[in-house]
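Note: the block below is start.csv and it holds CSV, C-alpha atoms and all ligand atoms.
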```
chain,number,residue,atom,x,y,z
T,1,MET,CA,49.0,-13.3,19.5
T,2,LEU,CA,51.3,-15.1,21.9
T,3,CYS,CA,50.3,-18.3,23.6
T,4,ILE,CA,51.4,-19.0,27.2
T,5,SER,CA,50.1,-21.3,29.9
T,6,VAL,CA,47.7,-19.8,32.4
T,7,GLU,CA,50.0,-21.1,35.2
T,8,GLU,CA,53.0,-19.1,33.9
T,9,PHE,CA,50.8,-16.1,33.5
T,10,LEU,CA,49.4,-16.2,37.0
T,11,PHE,CA,53.0,-16.6,38.4
T,12,TRP,CA,54.1,-13.6,36.5
T,13,LYS,CA,51.0,-11.6,37.6
T,14,LYS,CA,51.7,-12.3,41.2
T,15,LYS,CA,55.3,-11.1,40.8
T,16,GLN,CA,54.2,-7.9,39.2
T,17,LEU,CA,51.6,-7.1,41.8
T,18,SER,CA,54.2,-7.8,44.6
T,19,LYS,CA,56.1,-4.8,43.3
T,20,GLY,CA,53.2,-2.5,44.2
T,21,GLY,CA,50.1,-1.0,42.5
T,22,ASP,CA,46.5,-2.1,42.7
T,23,GLN,CA,44.5,-4.9,41.0
T,24,GLN,CA,42.3,-2.4,39.2
T,25,SER,CA,45.2,-0.7,37.4
T,26,PHE,CA,46.7,-4.0,36.6
T,27,ALA,CA,43.4,-5.1,35.1
T,28,VAL,CA,43.4,-2.0,32.9
T,29,LEU,CA,46.9,-2.9,31.6
T,30,LEU,CA,45.9,-6.5,30.9
T,31,ASP,CA,42.8,-5.5,29.1
T,32,CYS,CA,44.1,-2.6,27.1
T,33,ILE,CA,47.6,-3.7,26.2
T,34,GLY,CA,47.6,-7.4,26.9
T,35,GLY,CA,44.3,-8.1,25.2
T,36,ILE,CA,42.8,-10.1,28.1
T,37,SER,CA,39.3,-8.7,28.8
T,38,THR,CA,38.3,-8.2,32.4
T,39,SER,CA,35.8,-11.1,32.1
T,40,ASP,CA,38.5,-13.4,30.8
T,41,GLN,CA,40.7,-12.3,33.7
T,42,ASN,CA,38.0,-13.4,36.1
T,43,LEU,CA,37.6,-16.8,34.4
T,44,ILE,CA,41.4,-17.3,34.6
T,45,SER,CA,41.4,-16.7,38.3
T,46,ILE,CA,38.8,-19.4,38.8
T,47,ASN,CA,40.3,-22.0,36.5
T,48,SER,CA,44.1,-21.9,36.2
T,49,GLU,CA,44.4,-24.7,33.6
T,50,GLY,CA,45.1,-24.4,29.9
T,51,ASN,CA,46.6,-21.6,27.8
T,52,LEU,CA,45.8,-17.9,27.1
T,53,TYR,CA,46.6,-15.6,24.3
T,54,LEU,CA,48.4,-12.2,24.7
T,55,LYS,CA,48.7,-9.3,22.3
T,56,LYS,CA,52.0,-8.3,23.8
T,57,ASP,CA,54.6,-10.4,25.6
T,58,LEU,CA,55.1,-10.4,29.4
T,59,ASP,CA,58.3,-8.4,29.3
T,60,PHE,CA,56.6,-5.6,27.4
T,61,LEU,CA,53.6,-5.6,29.8
T,62,GLY,CA,56.0,-5.7,32.8
T,63,SER,CA,57.9,-2.7,31.4
T,64,ILE,CA,54.7,-0.6,31.3
T,65,TRP,CA,53.8,-1.7,34.9
T,66,ASP,CA,57.3,-0.7,36.1
T,67,LYS,CA,56.9,2.8,34.4
T,68,HIS,CA,53.6,3.2,36.1
T,69,LEU,CA,55.1,2.3,39.5
T,70,LEU,CA,58.4,4.2,39.2
T,71,GLU,CA,57.0,7.4,37.8
T,72,SER,CA,53.5,7.3,39.3
T,73,HIS,CA,52.4,7.6,35.7
T,74,PRO,CA,48.6,6.8,35.7
T,75,ILE,CA,48.1,3.5,34.0
T,76,GLN,CA,45.1,4.9,32.1
T,77,TYR,CA,47.4,7.4,30.3
T,78,LEU,CA,50.0,4.7,29.6
T,79,CYS,CA,47.3,2.5,28.1
T,80,GLY,CA,45.3,5.3,26.6
T,81,ILE,CA,42.1,3.9,28.0
T,82,THR,CA,39.9,4.1,31.1
T,83,PHE,CA,36.8,2.3,32.2
T,84,TRP,CA,33.9,4.4,33.6
T,85,ARG,CA,30.4,3.1,34.3
T,86,ASP,CA,29.9,0.7,31.4
T,87,LEU,CA,32.0,2.8,29.0
T,88,LYS,CA,35.5,2.2,27.7
T,89,LEU,CA,36.9,5.6,27.0
T,90,LYS,CA,40.0,6.9,25.2
T,91,VAL,CA,42.1,9.2,27.5
T,92,THR,CA,45.3,11.2,26.9
T,93,GLU,CA,47.0,13.7,29.2
T,94,LYS,CA,44.8,16.3,27.6
T,95,VAL,CA,41.8,15.1,29.7
T,96,LEU,CA,41.2,14.3,33.3
T,97,ILE,CA,40.8,10.6,34.0
T,98,PRO,CA,37.1,10.4,34.9
T,99,ARG,CA,36.8,9.3,38.5
T,100,PRO,CA,34.6,6.5,39.9
T,101,GLU,CA,32.9,8.9,42.3
T,102,THR,CA,31.7,11.1,39.4
T,103,GLU,CA,29.8,8.0,38.0
T,104,LEU,CA,27.0,8.9,40.5
T,105,ILE,CA,26.2,12.1,38.7
T,106,VAL,CA,24.5,10.0,36.0
T,107,ASP,CA,22.5,8.2,38.7
T,108,ILE,CA,21.3,11.6,40.1
T,109,VAL,CA,20.0,12.5,36.7
T,110,LEU,CA,18.4,9.1,36.3
T,111,ASN,CA,16.6,9.6,39.6
T,112,ILE,CA,15.3,13.1,38.6
T,113,PHE,CA,14.3,12.3,35.1
T,114,GLU,CA,12.8,8.9,35.5
T,115,LYS,CA,11.4,8.5,32.0
T,116,LYS,CA,14.2,7.4,29.6
T,117,SER,CA,12.0,8.2,26.6
T,118,GLN,CA,11.8,11.9,27.5
T,119,LYS,CA,13.3,14.5,25.2
T,120,LEU,CA,15.7,16.2,27.5
T,121,PHE,CA,17.8,19.2,26.4
T,122,PHE,CA,20.9,19.2,28.5
T,123,ALA,CA,24.3,20.8,28.6
T,124,GLU,CA,27.5,19.6,30.3
T,125,LEU,CA,30.0,22.3,31.0
T,126,GLY,CA,33.6,21.1,31.0
T,127,THR,CA,33.2,17.6,29.4
T,128,GLY,CA,36.8,16.5,29.3
T,129,SER,CA,36.7,12.9,28.0
T,130,GLY,CA,33.0,13.2,27.4
T,131,ALA,CA,32.2,10.6,30.0
T,132,ILE,CA,29.1,12.2,31.6
T,133,SER,CA,27.5,13.5,28.3
T,134,ILE,CA,28.0,10.2,26.5
T,135,ALA,CA,26.5,8.2,29.4
T,136,LEU,CA,23.5,10.6,29.4
T,137,THR,CA,23.0,10.5,25.7
T,138,LEU,CA,23.0,6.7,25.7
T,139,SER,CA,20.6,6.7,28.7
T,140,TYR,CA,18.2,9.2,27.1
T,141,PRO,CA,18.2,8.3,23.4
T,142,PHE,CA,15.7,11.0,22.5
T,143,SER,CA,17.6,13.7,24.2
T,144,ASP,CA,19.7,16.5,22.7
T,145,GLY,CA,22.9,17.4,24.5
T,146,ILE,CA,25.7,20.0,24.3
T,147,ALA,CA,29.1,19.2,25.7
T,148,THR,CA,31.5,22.1,26.1
T,149,ASP,CA,35.1,22.5,27.1
T,150,ILE,CA,37.7,25.3,27.1
T,151,ASP,CA,40.2,23.0,25.6
T,152,GLN,CA,39.8,22.0,21.9
T,153,ASP,CA,42.2,19.0,22.4
T,154,ALA,CA,40.0,17.6,25.1
T,155,LEU,CA,36.9,18.1,22.9
T,156,GLU,CA,38.6,16.1,20.1
T,157,ILE,CA,38.9,13.2,22.6
T,158,ALA,CA,35.3,13.5,23.7
T,159,ILE,CA,34.2,13.5,20.1
T,160,LYS,CA,36.2,10.4,19.3
T,161,ASN,CA,34.7,8.7,22.4
T,162,TYR,CA,31.2,9.6,21.4
T,163,SER,CA,31.7,8.3,17.9
T,164,ASN,CA,32.8,5.0,19.3
T,165,TYR,CA,29.3,4.6,21.0
T,166,SER,CA,26.9,6.4,18.7
T,167,LYS,CA,26.4,7.2,15.1
T,168,GLN,CA,23.7,9.7,16.0
T,169,SER,CA,24.3,13.4,16.2
T,170,ASN,CA,22.2,14.3,19.2
T,171,LEU,CA,25.3,15.3,21.2
T,172,LYS,CA,27.1,18.4,19.9
T,173,PHE,CA,30.5,19.7,21.1
T,174,PHE,CA,31.5,23.3,21.5
T,175,CYS,CA,34.7,24.9,22.6
T,176,GLY,CA,34.6,27.9,24.9
T,177,ASN,CA,34.6,29.5,28.3
T,178,TRP,CA,31.8,28.1,30.5
T,179,TRP,CA,28.5,29.6,29.3
T,180,ARG,CA,29.9,31.4,26.2
T,181,PRO,CA,29.2,28.5,23.7
T,182,LEU,CA,25.6,28.4,24.9
T,183,GLU,CA,24.6,32.0,24.1
T,184,SER,CA,21.9,30.9,21.6
T,185,PHE,CA,20.3,28.5,24.1
T,186,LYS,CA,19.3,30.9,26.8
T,187,GLY,CA,16.2,29.8,28.7
T,188,LYS,CA,16.1,26.5,26.9
T,189,LEU,CA,17.9,23.9,29.0
T,190,ASP,CA,16.2,21.3,31.1
T,191,LEU,CA,19.4,20.3,32.8
T,192,VAL,CA,22.9,21.5,33.2
T,193,ILE,CA,25.6,19.3,34.7
T,194,SER,CA,29.2,20.2,35.5
T,195,ASN,CA,32.1,18.7,37.3
T,196,PRO,CA,34.2,21.8,37.1
T,197,PRO,CA,37.8,22.3,38.4
T,198,TYR,CA,37.3,22.8,42.1
T,199,ILE,CA,40.6,22.1,43.9
T,200,PRO,CA,41.7,25.1,46.0
T,201,LYS,CA,45.2,26.5,45.2
T,202,ASP,CA,46.9,25.3,48.3
T,203,THR,CA,45.5,21.8,48.0
T,204,TYR,CA,46.4,21.7,44.3
T,205,GLU,CA,50.1,22.4,45.2
T,206,LYS,CA,50.1,19.3,47.5
T,207,LEU,CA,48.4,16.8,45.2
T,208,PRO,CA,50.1,13.5,44.7
T,209,ILE,CA,52.6,13.6,41.8
T,210,GLY,CA,50.5,11.0,39.9
T,211,ILE,CA,47.9,13.6,39.6
T,212,LYS,CA,49.8,16.9,39.6
T,213,ASN,CA,52.5,15.9,37.1
T,214,PHE,CA,50.1,14.2,34.6
T,215,GLU,CA,46.5,15.4,34.7
T,216,PRO,CA,45.7,18.8,33.2
T,217,LYS,CA,45.9,21.7,35.6
T,218,VAL,CA,43.0,23.4,33.8
T,219,ALA,CA,40.8,20.4,34.8
T,220,LEU,CA,41.7,20.6,38.5
T,221,LEU,CA,42.5,24.1,39.8
T,222,GLY,CA,39.5,26.1,41.0
T,223,GLY,CA,41.3,29.3,42.0
T,224,GLU,CA,42.3,30.4,45.5
T,225,ASP,CA,39.3,28.8,47.4
T,226,GLY,CA,38.3,26.3,44.7
T,227,LEU,CA,35.0,28.0,44.0
T,228,LYS,CA,36.1,30.4,41.2
T,229,HIS,CA,34.5,28.3,38.4
T,230,ILE,CA,31.5,27.1,40.4
T,231,ARG,CA,30.6,30.8,41.1
T,232,VAL,CA,30.5,31.6,37.4
T,233,ILE,CA,28.5,28.5,36.6
T,234,VAL,CA,25.9,29.1,39.4
T,235,GLN,CA,25.5,32.8,38.8
T,236,LYS,CA,24.8,32.5,35.1
T,237,ALA,CA,22.8,29.3,35.2
T,238,PRO,CA,19.4,31.1,35.7
T,239,LEU,CA,19.9,32.7,32.3
T,240,PHE,CA,20.2,29.4,30.5
T,241,LEU,CA,17.9,27.0,32.4
T,242,LYS,CA,14.2,26.6,31.6
T,243,LYS,CA,11.9,27.4,34.5
T,244,LYS,CA,12.2,24.5,36.9
T,245,GLY,CA,15.4,23.3,35.1
T,246,TRP,CA,18.0,21.5,37.1
T,247,LEU,CA,21.6,22.3,37.9
T,248,ILE,CA,23.8,19.5,39.1
T,249,LEU,CA,27.3,20.2,40.2
T,250,GLU,CA,30.2,18.1,41.6
T,251,ASN,CA,32.2,19.8,44.2
T,252,HIS,CA,35.2,19.2,46.6
T,253,PHE,CA,34.5,17.2,49.7
T,254,ASP,CA,34.0,20.2,51.9
T,255,GLN,CA,32.3,22.7,49.5
T,256,GLY,CA,28.7,21.4,49.7
T,257,GLU,CA,27.4,24.0,52.1
T,258,LYS,CA,29.1,26.9,50.3
T,259,VAL,CA,27.7,25.7,46.9
T,260,LYS,CA,24.3,25.4,48.6
T,261,GLN,CA,24.5,29.0,49.8
T,262,LEU,CA,25.4,30.1,46.2
T,263,LEU,CA,22.4,28.3,44.9
T,264,ILE,CA,20.1,30.0,47.5
T,265,GLU,CA,21.6,33.4,46.6
T,266,ASN,CA,20.8,32.8,43.0
T,267,LYS,CA,17.1,31.8,43.7
T,268,PHE,CA,17.4,28.1,43.2
T,269,THR,CA,14.9,25.8,45.0
T,270,SER,CA,14.8,22.0,45.9
T,271,ILE,CA,18.5,22.4,46.9
T,272,GLU,CA,20.2,19.2,48.1
T,273,ILE,CA,23.7,18.1,48.9
T,274,VAL,CA,24.0,14.5,47.6
T,275,LYS,CA,26.6,12.2,49.2
T,276,ASP,CA,28.9,9.9,47.2
T,277,LEU,CA,29.4,6.2,48.2
T,278,SER,CA,32.0,7.3,50.8
T,279,GLY,CA,29.4,9.5,52.6
T,280,ILE,CA,31.0,12.7,51.3
T,281,GLY,CA,28.7,15.6,50.1
T,282,ARG,CA,30.1,15.4,46.6
T,283,PHE,CA,27.3,16.9,44.6
T,284,THR,CA,25.0,19.9,45.1
T,285,ILE,CA,21.9,20.1,43.1
T,286,GLY,CA,19.1,22.7,42.7
T,287,ARG,CA,16.2,23.7,40.5
T,288,TYR,CA,15.8,27.2,39.1
T,289,LYS,CA,12.5,28.5,40.7
Y,1,LIG,C1,37.2,18.2,36.5
Y,1,LIG,S1,37.4,18.2,34.8
Y,1,LIG,C2,35.9,17.3,34.4
Y,1,LIG,C3,36.0,16.5,33.1
Y,1,LIG,C4,34.8,15.5,32.9
Y,1,LIG,N1,33.6,16.2,32.9
Y,1,LIG,C5,34.8,14.5,34.1
Y,1,LIG,O1,33.9,14.6,34.9
Y,1,LIG,O2,35.7,13.6,34.1
Y,1,LIG,C6,36.9,19.9,34.4
Y,1,LIG,C7,36.8,20.1,32.9
Y,1,LIG,O3,36.5,21.5,32.7
Y,1,LIG,C8,37.2,22.1,31.7
Y,1,LIG,N2,37.3,23.5,31.9
Y,1,LIG,C9,38.2,24.2,32.7
Y,1,LIG,N3,38.0,25.5,32.7
Y,1,LIG,C10,37.0,25.7,31.8
Y,1,LIG,C11,36.3,26.9,31.4
Y,1,LIG,N4,36.7,28.1,31.8
Y,1,LIG,N5,35.3,26.7,30.5
Y,1,LIG,C12,34.9,25.5,30.1
Y,1,LIG,N6,35.5,24.4,30.5
Y,1,LIG,C13,36.6,24.5,31.3
Y,1,LIG,C14,38.6,21.4,31.7
Y,1,LIG,O4,39.2,21.4,30.5
Y,1,LIG,C15,38.1,20.0,32.1
Y,1,LIG,O5,37.9,19.2,31.0
```
Turn this file's structure into structure tokens for me.
Amino acid sequence: MLCISVEEFLFWKKKQLSKGGDQQSFAVLLDCIGGISTSDQNLISINSEGNLYLKKDLDFLGSIWDKHLLESHPIQYLCGITFWRDLKLKVTEKVLIPRPETELIVDIVLNIFEKKSQKLFFAELGTGSGAISIALTLSYPFSDGIATDIDQDALEIAIKNYSNYSKQSNLKFFCGNWWRPLESFKGKLDLVISNPPYIPKDTYEKLPIGIKNFEPKVALLGGEDGLKHIRVIVQKAPLFLKKKGWLILENHFDQGEKVKQLLIENKFTSIEIVKDLSGIGRFTIGRYK
């Protein structure tokens, strides 16, 4: 551990942020590589006296910050960590960095299934880092969950993240194409959640390089119109859901009405487009008959 004065640290921090970037990314760097937790960072900003201890020196931290700024390299990948809801998750370039707007998907489930003690059987299709499934398993300790992904490397990360939060085995991980790993659970699921790749091809080509050059294409690209994967998920959902089981999907900002239509065509009821905190119809939900 290296000891420096808070005053020197704050001067250095101001200089780093003046080069660019945002406070939130800087906080990730300080927490994950510098060893200063976000709560300690808040305390320092209130009281600038005394000393603090760093796991790495300021030059090293500055070099990572420069790499982040110069190459648009996401700080979460450089640090190997991201924060999502109340979770601290390992991430590598094999998984999408879970987005803040996706956090709401867990609240949608919490609103539908109010009793935390209920024994839900849920599946998440395309789990990536495992964020959604882990949050649900922790919220519903008596539930059984299945988290799937097409990419075994992504699943390894999700498994590691789960093992950091739970020693239980009520969340299982399977590799495979959308519904394929769930063949033996037809008609048994209370809930299916998915944040599938939904970016239309043209939009994908124009994504900022910080996303396009670093995040997995398989996690983002949803075919020509962005709905390729959503169609497969919605069309087969009736085979796997229990009667009155729920399907909760995240979609692109302008896909809500189209996803709603797909749900209607596939005999879902109680369909609703749920807005995110920016007022965008980010989620479409429905109940199978
Ligand atoms: C948008 S990411 C979502 C990751 C995570 N659930 C989240 O919300 O941060 C989509 C995920 O779907 C996975 N995926 C892509 N195509 C798939 C397929 N055909 N079958 C299963 N999973 C797939 C990707 O590997 C990726 O992890």
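Using only C-alpha atoms and all ligand atoms as the basis for the distance check, residues found within 6 Å of ligand LIG 1 (chain Y) are Val95, Leu96, Ile97, Pro98, Leu125, Gly126, Thr127, Gly128, Ser129, Asp149, Ile150, Asp151, Gly176, Asn177, Trp178, Asn195, Pro196, Pro197, Val218, Ala219 and Leu220 of chain T.
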Check your understanding: T:Gly80: which residues within 9 Å, counting all atoms listed in the file, same-chain residues fewer than 6 positions away excluded, as a VMD selection string?
Key -> chain T and resid 32 89 to 93
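Among the candidates T:Lys267, T:Arg99, T:Lys55, T:Lys116, the one nearest to T:Leu30 when counting all atoms listed in the file is T:Lys55.
As for atom CA of T:Ala131 and atom CA of T:Ser117, they are spaced 20.6 Å apart.
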Point to revise | 10 Å contact set for T:Gly50, only C-alpha atoms, chain neighbours under 2 positions out, as a count of residues only | key: 8
Exercise for review: Give me, please, the distance in Å between atom CA of T:Gly222 and atom CA of T:Ile199, quoted to one decimal.
Suggested key: 5.1 Å
Check your understanding: Near T:Leu61, counting all atoms listed in the file, which residues have an atom at most 8 Å away, once you skip same-chain residues fewer than 5 positions from it, shown as a ChimeraX atom specification?
Key -> /T:29-30,33-34,56
Deliver the residues from the most recent selection as a file, using C-alpha atoms, as an mmCIF file, in the coordinates of the input.
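Saved result, result.cif, follows:
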```cif
data_model
loop_
_atom_site.group_PDB
_atom_site.id
_atom_site.type_symbol
_atom_site.label_atom_id
_atom_site.label_comp_id
_atom_site.auth_asym_id
_atom_site.auth_seq_id
_atom_site.Cartn_x
_atom_site.Cartn_y
_atom_site.Cartn_z
ATOM 1 C CA LEU T 29 46.900 -2.900 31.600
ATOM 2 C CA LEU T 30 45.900 -6.500 30.900
ATOM 3 C CA ILE T 33 47.600 -3.700 26.200
ATOM 4 C CA GLY T 34 47.600 -7.400 26.900
ATOM 5 C CA LYS T 56 52.000 -8.300 23.800
#
```
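Atom pair atom CA of T:Phe9 / atom CA of T:Leu58: separated by 8.2 Å.
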Exercise for review: Have a look at T:Ser25, T:Thr284, T:Ser278, T:Thr148 and name the one nearest to T:Leu262; count all atoms listed in the file.
Suggested key: T:Thr284
Exercise for review: List the neighbours of T:Phe214 out to 8 Å using all atoms listed in the file; skip same-chain residues closer than 4 positions along the sequence, and give me the result as a PyMOL selection string.
Suggested key: chain T and resi 73-74+93+209-210
Atoms to include: C-alpha atoms. Write the selected residues as a short mmCIF file (atom, residue, chain, number, x, y, z; two decimals), in the coordinates of the input.
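Okay, this is what ended up in part_0.cif:
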```
data_model
loop_
_atom_site.label_atom_id
_atom_site.label_comp_id
_atom_site.auth_asym_id
_atom_site.auth_seq_id
_atom_site.Cartn_x
_atom_site.Cartn_y
_atom_site.Cartn_z
CA HIS T 73 52.40 7.60 35.70
CA PRO T 74 48.60 6.80 35.70
CA GLU T 93 47.00 13.70 29.20
CA ILE T 209 52.60 13.60 41.80
CA GLY T 210 50.50 11.00 39.90
#
```
Check your understanding: Can you tell me, as an MDAnalysis selection string, what residues are no more than 9 Å from T:Ser270 when counting all atoms listed in the file, ignoring any on the same chain fewer than 4 positions away?
Key -> chainID T and resid 285:289
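For the residues T:Asp86, T:Glu49, T:Gln16, T:Leu249, ranking by smallest atom-to-atom distance to T:Ser63 using all atoms listed in the file places T:Gln16 first.
Of the listed residues (T:Gly145, T:Pro200, T:Gly256, T:Gly35), T:Gly145 comes nearest to T:Phe174; the distances count all atoms listed in the file.
In terms of minimum interatomic distance to T:Gly62, T:Phe26 ranks closest within T:Tyr165, T:Phe26, T:Tyr204, T:Phe121, counting all atoms listed in the file.
Minimum atom-to-atom distances from T:Glu183, T:Asn213, T:Val274, T:Gln261 to T:Glu71 were compared using only C-alpha atoms, and the lowest value belongs to T:Asn213.
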Practice item. For a cut-off of 12 Å around (17.1, 30.7, 42.2), file coordinates, pick out all residues using all atoms listed in the file and list them as an NGL selection string. Key: :T and (234-239 or 241-247 or 260-271 or 285-289)
Completion of stretch 59-88 of chain T up to N, CA and C atoms, as a PDB file, keeping the file's coordinate frame:
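Result file selection_35.pdb:
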```pdb
ATOM      1  N   ASP T  59      57.280  -9.394  28.998  1.00  0.00           N
ATOM      2  CA  ASP T  59      58.300  -8.400  29.300  1.00  0.00           C
ATOM      3  C   ASP T  59      57.818  -6.996  28.949  1.00  0.00           C
ATOM      4  N   PHE T  60      57.106  -6.883  27.838  1.00  0.00           N
ATOM      5  CA  PHE T  60      56.600  -5.600  27.400  1.00  0.00           C
ATOM      6  C   PHE T  60      55.547  -5.072  28.464  1.00  0.00           C
ATOM      7  N   LEU T  61      54.642  -5.968  28.827  1.00  0.00           N
ATOM      8  CA  LEU T  61      53.600  -5.600  29.800  1.00  0.00           C
ATOM      9  C   LEU T  61      54.282  -5.185  31.136  1.00  0.00           C
ATOM     10  N   GLY T  62      55.301  -5.966  31.527  1.00  0.00           N
ATOM     11  CA  GLY T  62      56.000  -5.700  32.800  1.00  0.00           C
ATOM     12  C   GLY T  62      56.711  -4.319  32.725  1.00  0.00           C
ATOM     13  N   SER T  63      57.224  -3.949  31.533  1.00  0.00           N
ATOM     14  CA  SER T  63      57.900  -2.700  31.400  1.00  0.00           C
ATOM     15  C   SER T  63      56.947  -1.496  31.622  1.00  0.00           C
ATOM     16  N   ILE T  64      55.724  -1.668  31.142  1.00  0.00           N
ATOM     17  CA  ILE T  64      54.700  -0.600  31.300  1.00  0.00           C
ATOM     18  C   ILE T  64      54.340  -0.517  32.824  1.00  0.00           C
ATOM     19  N   TRP T  65      54.185  -1.691  33.434  1.00  0.00           N
ATOM     20  CA  TRP T  65      53.800  -1.700  34.900  1.00  0.00           C
ATOM     21  C   TRP T  65      54.919  -1.029  35.680  1.00  0.00           C
ATOM     22  N   ASP T  66      56.195  -1.291  35.328  1.00  0.00           N
ATOM     23  CA  ASP T  66      57.300  -0.700  36.100  1.00  0.00           C
ATOM     24  C   ASP T  66      57.268   0.862  35.894  1.00  0.00           C
ATOM     25  N   LYS T  67      56.994   1.312  34.671  1.00  0.00           N
ATOM     26  CA  LYS T  67      56.900   2.800  34.400  1.00  0.00           C
ATOM     27  C   LYS T  67      55.826   3.392  35.271  1.00  0.00           C
ATOM     28  N   HIS T  68      54.690   2.703  35.318  1.00  0.00           N
ATOM     29  CA  HIS T  68      53.600   3.200  36.100  1.00  0.00           C
ATOM     30  C   HIS T  68      54.001   3.305  37.599  1.00  0.00           C
ATOM     31  N   LEU T  69      54.695   2.285  38.099  1.00  0.00           N
ATOM     32  CA  LEU T  69      55.100   2.300  39.500  1.00  0.00           C
ATOM     33  C   LEU T  69      56.191   3.294  39.814  1.00  0.00           C
ATOM     34  N   LEU T  70      57.198   3.327  38.941  1.00  0.00           N
ATOM     35  CA  LEU T  70      58.400   4.200  39.200  1.00  0.00           C
ATOM     36  C   LEU T  70      58.075   5.656  39.073  1.00  0.00           C
ATOM     37  N   GLU T  71      57.257   6.001  38.059  1.00  0.00           N
ATOM     38  CA  GLU T  71      57.000   7.400  37.800  1.00  0.00           C
ATOM     39  C   GLU T  71      55.679   7.921  38.294  1.00  0.00           C
ATOM     40  N   SER T  72      54.907   7.039  38.932  1.00  0.00           N
ATOM     41  CA  SER T  72      53.500   7.300  39.300  1.00  0.00           C
ATOM     42  C   SER T  72      52.683   7.768  38.124  1.00  0.00           C
ATOM     43  N   HIS T  73      53.072   7.275  36.969  1.00  0.00           N
ATOM     44  CA  HIS T  73      52.400   7.600  35.700  1.00  0.00           C
ATOM     45  C   HIS T  73      51.049   6.863  35.693  1.00  0.00           C
ATOM     46  N   PRO T  74      49.918   7.552  35.644  1.00  0.00           N
ATOM     47  CA  PRO T  74      48.600   6.800  35.700  1.00  0.00           C
ATOM     48  C   PRO T  74      48.560   5.764  34.571  1.00  0.00           C
ATOM     49  N   ILE T  75      48.139   4.570  34.959  1.00  0.00           N
ATOM     50  CA  ILE T  75      48.100   3.500  34.000  1.00  0.00           C
ATOM     51  C   ILE T  75      47.137   3.785  32.854  1.00  0.00           C
ATOM     52  N   GLN T  76      46.089   4.566  33.165  1.00  0.00           N
ATOM     53  CA  GLN T  76      45.100   4.900  32.100  1.00  0.00           C
ATOM     54  C   GLN T  76      45.754   5.714  30.997  1.00  0.00           C
ATOM     55  N   TYR T  77      46.677   6.621  31.365  1.00  0.00           N
ATOM     56  CA  TYR T  77      47.400   7.400  30.300  1.00  0.00           C
ATOM     57  C   TYR T  77      48.343   6.496  29.567  1.00  0.00           C
ATOM     58  N   LEU T  78      49.038   5.614  30.294  1.00  0.00           N
ATOM     59  CA  LEU T  78      50.000   4.700  29.600  1.00  0.00           C
ATOM     60  C   LEU T  78      49.296   3.805  28.638  1.00  0.00           C
ATOM     61  N   CYS T  79      48.081   3.405  28.995  1.00  0.00           N
ATOM     62  CA  CYS T  79      47.300   2.500  28.100  1.00  0.00           C
ATOM     63  C   CYS T  79      46.424   3.260  27.145  1.00  0.00           C
ATOM     64  N   GLY T  80      46.166   4.528  27.447  1.00  0.00           N
ATOM     65  CA  GLY T  80      45.300   5.300  26.600  1.00  0.00           C
ATOM     66  C   GLY T  80      43.828   5.047  26.722  1.00  0.00           C
ATOM     67  N   ILE T  81      43.479   4.338  27.786  1.00  0.00           N
ATOM     68  CA  ILE T  81      42.100   3.900  28.000  1.00  0.00           C
ATOM     69  C   ILE T  81      41.705   3.970  29.432  1.00  0.00           C
ATOM     70  N   THR T  82      40.420   4.259  29.697  1.00  0.00           N
ATOM     71  CA  THR T  82      39.900   4.100  31.100  1.00  0.00           C
ATOM     72  C   THR T  82      38.520   3.459  30.995  1.00  0.00           C
ATOM     73  N   PHE T  83      38.119   2.860  32.093  1.00  0.00           N
ATOM     74  CA  PHE T  83      36.800   2.300  32.200  1.00  0.00           C
ATOM     75  C   PHE T  83      35.977   3.220  33.135  1.00  0.00           C
ATOM     76  N   TRP T  84      34.761   3.546  32.744  1.00  0.00           N
ATOM     77  CA  TRP T  84      33.900   4.400  33.600  1.00  0.00           C
ATOM     78  C   TRP T  84      32.476   4.066  33.331  1.00  0.00           C
ATOM     79  N   ARG T  85      31.768   3.759  34.422  1.00  0.00           N
ATOM     80  CA  ARG T  85      30.400   3.100  34.300  1.00  0.00           C
ATOM     81  C   ARG T  85      30.613   1.942  33.347  1.00  0.00           C
ATOM     82  N   ASP T  86      29.747   1.825  32.334  1.00  0.00           N
ATOM     83  CA  ASP T  86      29.900   0.700  31.400  1.00  0.00           C
ATOM     84  C   ASP T  86      30.634   1.142  30.126  1.00  0.00           C
ATOM     85  N   LEU T  87      31.373   2.263  30.203  1.00  0.00           N
ATOM     86  CA  LEU T  87      32.000   2.800  29.000  1.00  0.00           C
ATOM     87  C   LEU T  87      33.538   2.486  29.043  1.00  0.00           C
ATOM     88  N   LYS T  88      34.085   2.286  27.854  1.00  0.00           N
ATOM     89  CA  LYS T  88      35.500   2.200  27.700  1.00  0.00           C
ATOM     90  C   LYS T  88      35.948   3.414  26.920  1.00  0.00           C
TER      91      LYS T  88
END
```
